[in-house]
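For reference, the structure is listed below as structure tokens.
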Amino acid sequence: MAKDYSNYSYWLESCGDDLTPRPALDGSADVDIAILGAGFSGLWTAYYLLQRDPSLNVAIVEKEIAGFGASGRNGGWCSGGFPLSMGELERRYGAGAASQVQREMTATVDIVGQVAASEGIECDYEKGGSLRLARGRHQLGSIESAFRALQERGIAEGYELLDQAETQARVAVRGAIASLFNPNCATIHPGKLVRGLARAVERRGGRIYEQTAAAGFSTGKRPVLHTDAGDLRADVVVLCGEAYLSQLEQLSRQVLPIYSLIVLTEPLDDAQWEEIGWQGRECIGSSKYVVDYLSKTADGRILFGGRGAPYHYGSQIDDAFDRHEPTHEMLRQATLEWFKPVREDQFSHAWGGPLGVPRDWMPTMSYNRTTGIATARGYTGQGVAPSNLSGRVLADLITGTKSDLAWLPTVGHRSPDWEPEPFRYAGVRYVQQQYFKLDEQAEQTGVAPDGSSLAERMSRH
Ligand SMILES: Cc1cc2nc3c(=O)[nH]c(=O)nc-3n(C[C@H](O)[C@H](O)[C@H](O)COP(=O)(O)OP(=O)(O)OC[C@H]3O[C@@H](n4cnc5c(N)ncnc54)[C@H](O)[C@@H]3O)c2cc1C
């Protein structure tokens with residue numbers, strides 16, 4: 001039976017397309033560029049390649065439909081944040097590289113909005129910034145020190161440390177005693193963006209073959225993307241499957257698929273919004289280890305996302321894992337706890353999907369001329385804006401366009417492999433369980449974890 005793709009997220013359901021798959025690849029072919037994956041990374045790469053050189057023959061193969069992966073299911077944060085903190089980037093790559101990442105990420109948030117506007121993609125883009133809440137004294141220190149670090153580096157422009165009254169005036173969240181406002185964040189309708197981007201790529205001459213699965217690739221002067229419908233021989237093969245790359249034998253330990261889950265309310269009524277506020281549509285999160293991320297949709301719903309769903313042995317990915325009732329219930333309860341006016345019967349959707357975590361939390365945006373392979377991957381759940389940067393980086397590298405982007409520390413990077421099983425399972429589940437304990441302990445004692453526990457050291461970023 002044909003899949004109903006609208007069931008995979010509210011974003012796909014409400015993107016305005018009927019989601020009928022495009023035709024699959026029907027045999028082997030020669031192209032200039034063969035791309036695996038029609039998510040943001042693959043589509044932005046195709047988009048910028050065709051912008052740099054409209055004569056290129058670009059083919060994307062997509063196992064399901066454009067936007068099927070994380071790009072069509074995420075929390076809607078188009079954020080200037082980066083998976084690695086500024087401090088960790090400085091420690092690993094130096095202050096110059098860290099500030100280049102910061103500059104490029106800040107610019108990228110605007111670039112996404114500008115391209116959407118110029119391509120006529122109505123994706124509810126609104127640059128309302130983000131608020132990192134301190135819900136309790138234990139979360140106060142981390143936002144204060146984050147603000148101090150920005151000030152010390154001279155990059156705090158537009159940021160604001162808000163006290164309890166100022167925070168509550170923006171959004172009435174129970175228990176919020178302060179917040180850090182970051183101006184470099186927009187909220188989007190990811191389904192509309194990813195599906196609109198696919199059409200923009202096609203308008204520029206790119207071809208997208210849906211329901212065509214790549215099984216592997218060969219390297220060389222003329223690399224090949226092997227698919228279930230034939231081989232695509234190309235000058236360059238670009239691998240953009242994020243979490244799903246773990247299912248290819250050749251990359252199975254490069255990214256770890258971790259499930260992030262979301263619940264969504266129906267549109268709240270005016271009286272409820274009157275009480276909650278949140279007029280600026282800021283993206284909202286706190287400093288929990290079991291990450292929480294919230295956004296307000298253009299049609300007045302609350303999206304509450306979080307990690308914490310268990311890792312599956314052997315990096316398995318399965319549609320059944322998109323729904324994990326204990327995690328979804330935890331997210332519903334959190335929504336009710338945070339927002340007093342929301343009622344229990346107001347939840348309309350619940351979904352989830354896998355995101356890709358590299359062993360060192362550092363994304364890769366790379367092209368190796370010798371192997372003919374380019375790749376963009378490893379965003380650890382923060383890939384909406386970075387995937388646009390990936391697209392520009394890969395387009396410059398592949399077309400040989402001279403640009404400062406070639407100096408980013410993501411270029412030429414390769415993360416260490418994850419441990420083989422059963423060590424991977426044991427380690428990841430240990431860290432996941434400790435995160436819950438660390439959050440619980442901090443809440444009970446009012447004291448933040450000090451970074452010295454094994455789990456924190458194992459996942460330092
Ligand atoms: C629930 C959730 C919430 C998130 N929230 C946010 C957020 O708010 N902000 C943020 O910045 N990031 C968020 N992320 C992460 C972000 O969505 C991703 O980093 C980003 O979308 C990655 O884009 P991508 O194109 O690299 O990968 P994907 O969007 O996953 O695309 C990969 C594509 O490859 C296809 N594919 C897989 N295997 C094959 C194969 N063998 N052959 C052909 N095609 C294949 C898939 O079907 C998929 O369409 C979230 C992720 C999840 C899962």
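Letters A, B, ... mark the chains of the structure tokens in the order given; residue numbers begin at 1 per chain; ligand numbers begin at 1, in order shown.
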
Using only C-alpha atoms, tabulate the residues of range 62-175 of chain A lying at most 8 Å from any atom of range 291-304 of chain A, each with its closest atom pair and that distance in Å to one decimal, by chain and increasing residue number, as CSV.
```
residue,atom,partner,partner_atom,distance
A:Gly75,CA,A:Ser295,CA,6.8
A:Gly76,CA,A:Ser295,CA,6.8
A:Trp77,CA,A:Ser295,CA,7.4
A:Asp124,CA,A:Ala298,CA,6.4
```

Would you output that residue set with N, CA and C atoms, as a PDB file, in the first residue's frame?
```
ATOM      1  N   GLY A  75      11.577  21.158  14.540  1.00  0.00           N
ATOM      2  CA  GLY A  75      10.912  22.080  15.445  1.00  0.00           C
ATOM      3  C   GLY A  75      10.718  23.483  14.892  1.00  0.00           C
ATOM      4  N   GLY A  76      11.181  23.714  13.672  1.00  0.00           N
ATOM      5  CA  GLY A  76      10.953  25.012  13.040  1.00  0.00           C
ATOM      6  C   GLY A  76      11.910  26.105  13.455  1.00  0.00           C
ATOM      7  N   TRP A  77      12.965  25.746  14.192  1.00  0.00           N
ATOM      8  CA  TRP A  77      13.976  26.747  14.562  1.00  0.00           C
ATOM      9  C   TRP A  77      14.950  26.916  13.401  1.00  0.00           C
ATOM     10  N   ASP A 124       6.207  30.957   6.240  1.00  0.00           N
ATOM     11  CA  ASP A 124       5.905  31.554   7.552  1.00  0.00           C
ATOM     12  C   ASP A 124       7.177  31.981   8.299  1.00  0.00           C
TER      13      ASP A 124
END
```

* Asked: If you count only C-alpha atoms and all ligand atoms, which residues end up within 6 Å of ligand 1, as a count of residues only?
  -> 44

* Select from range 216-246 of chain A everything DSSP, run on the backbone, classes as strand (DSSP E), then give the selection as a VMD selection string. => chain A and resid 216 to 218 224 to 227 230 to 233 236 to 239

If you keep N, CA and C atoms, can you produce a file of those selected residues as a JSON list (two decimals), in the first residue's frame?
```json
[["chain", "number", "residue", "atom", "x", "y", "z"],
["A", 216, "GLY", "N", 24.58, 2.47, -1.95],
["A", 216, "GLY", "CA", 25.99, 2.66, -1.67],
["A", 216, "GLY", "C", 26.61, 3.52, -2.75],
["A", 217, "PHE", "N", 27.92, 3.70, -2.67],
["A", 217, "PHE", "CA", 28.59, 4.55, -3.66],
["A", 217, "PHE", "C", 29.99, 4.00, -3.91],
["A", 218, "SER", "N", 30.53, 4.32, -5.10],
["A", 218, "SER", "CA", 31.91, 3.97, -5.42],
["A", 218, "SER", "C", 32.68, 5.26, -5.64],
["A", 224, "VAL", "N", 30.28, 6.78, -8.46],
["A", 224, "VAL", "CA", 28.96, 6.25, -8.82],
["A", 224, "VAL", "C", 28.07, 6.21, -7.57],
["A", 225, "LEU", "N", 26.83, 6.63, -7.74],
["A", 225, "LEU", "CA", 25.83, 6.43, -6.69],
["A", 225, "LEU", "C", 24.98, 5.23, -7.13],
["A", 226, "HIS", "N", 25.09, 4.15, -6.38],
["A", 226, "HIS", "CA", 24.35, 2.93, -6.74],
["A", 226, "HIS", "C", 22.94, 3.02, -6.13],
["A", 227, "THR", "N", 21.93, 2.84, -6.97],
["A", 227, "THR", "CA", 20.56, 2.90, -6.44],
["A", 227, "THR", "C", 19.82, 1.61, -6.81],
["A", 230, "GLY", "N", 19.25, 1.62, -10.60],
["A", 230, "GLY", "CA", 20.36, 1.76, -11.54],
["A", 230, "GLY", "C", 21.47, 2.61, -10.96],
["A", 231, "ASP", "N", 22.56, 2.77, -11.73],
["A", 231, "ASP", "CA", 23.72, 3.52, -11.25],
["A", 231, "ASP", "C", 23.70, 4.94, -11.82],
["A", 232, "LEU", "N", 24.01, 5.90, -10.95],
["A", 232, "LEU", "CA", 24.22, 7.26, -11.45],
["A", 232, "LEU", "C", 25.72, 7.51, -11.45],
["A", 233, "ARG", "N", 26.30, 7.57, -12.65],
["A", 233, "ARG", "CA", 27.72, 7.89, -12.79],
["A", 233, "ARG", "C", 27.84, 9.40, -12.88],
["A", 236, "VAL", "N", 30.71, 14.19, -9.50],
["A", 236, "VAL", "CA", 30.73, 14.29, -8.03],
["A", 236, "VAL", "C", 29.48, 13.61, -7.47],
["A", 237, "VAL", "N", 29.67, 12.81, -6.43],
["A", 237, "VAL", "CA", 28.54, 12.23, -5.69],
["A", 237, "VAL", "C", 28.46, 12.96, -4.35],
["A", 238, "VAL", "N", 27.27, 13.46, -4.01],
["A", 238, "VAL", "CA", 27.10, 14.23, -2.78],
["A", 238, "VAL", "C", 26.19, 13.46, -1.82],
["A", 239, "LEU", "N", 26.69, 13.19, -0.63],
["A", 239, "LEU", "CA", 25.93, 12.37, 0.34],
["A", 239, "LEU", "C", 25.29, 13.28, 1.38]]
```

* Name the closest residue to Arg174 in chain A among the candidates A:Gly136, A:Gly191, A:Pro363, A:Pro21; distances are taken between atoms, counting only C-alpha atoms. =>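 That would be A:Gly136, the residue with the smallest distance to Arg174 in chain A.
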
* Kindly give the distance, in Å, that separates CA of Gln168 in chain A and CA of Glu275 in chain A, rounded to a single decimal. =>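 Computing the Euclidean distance for CA of Gln168 in chain A and CA of Glu275 in chain A yields 10.4 Å.
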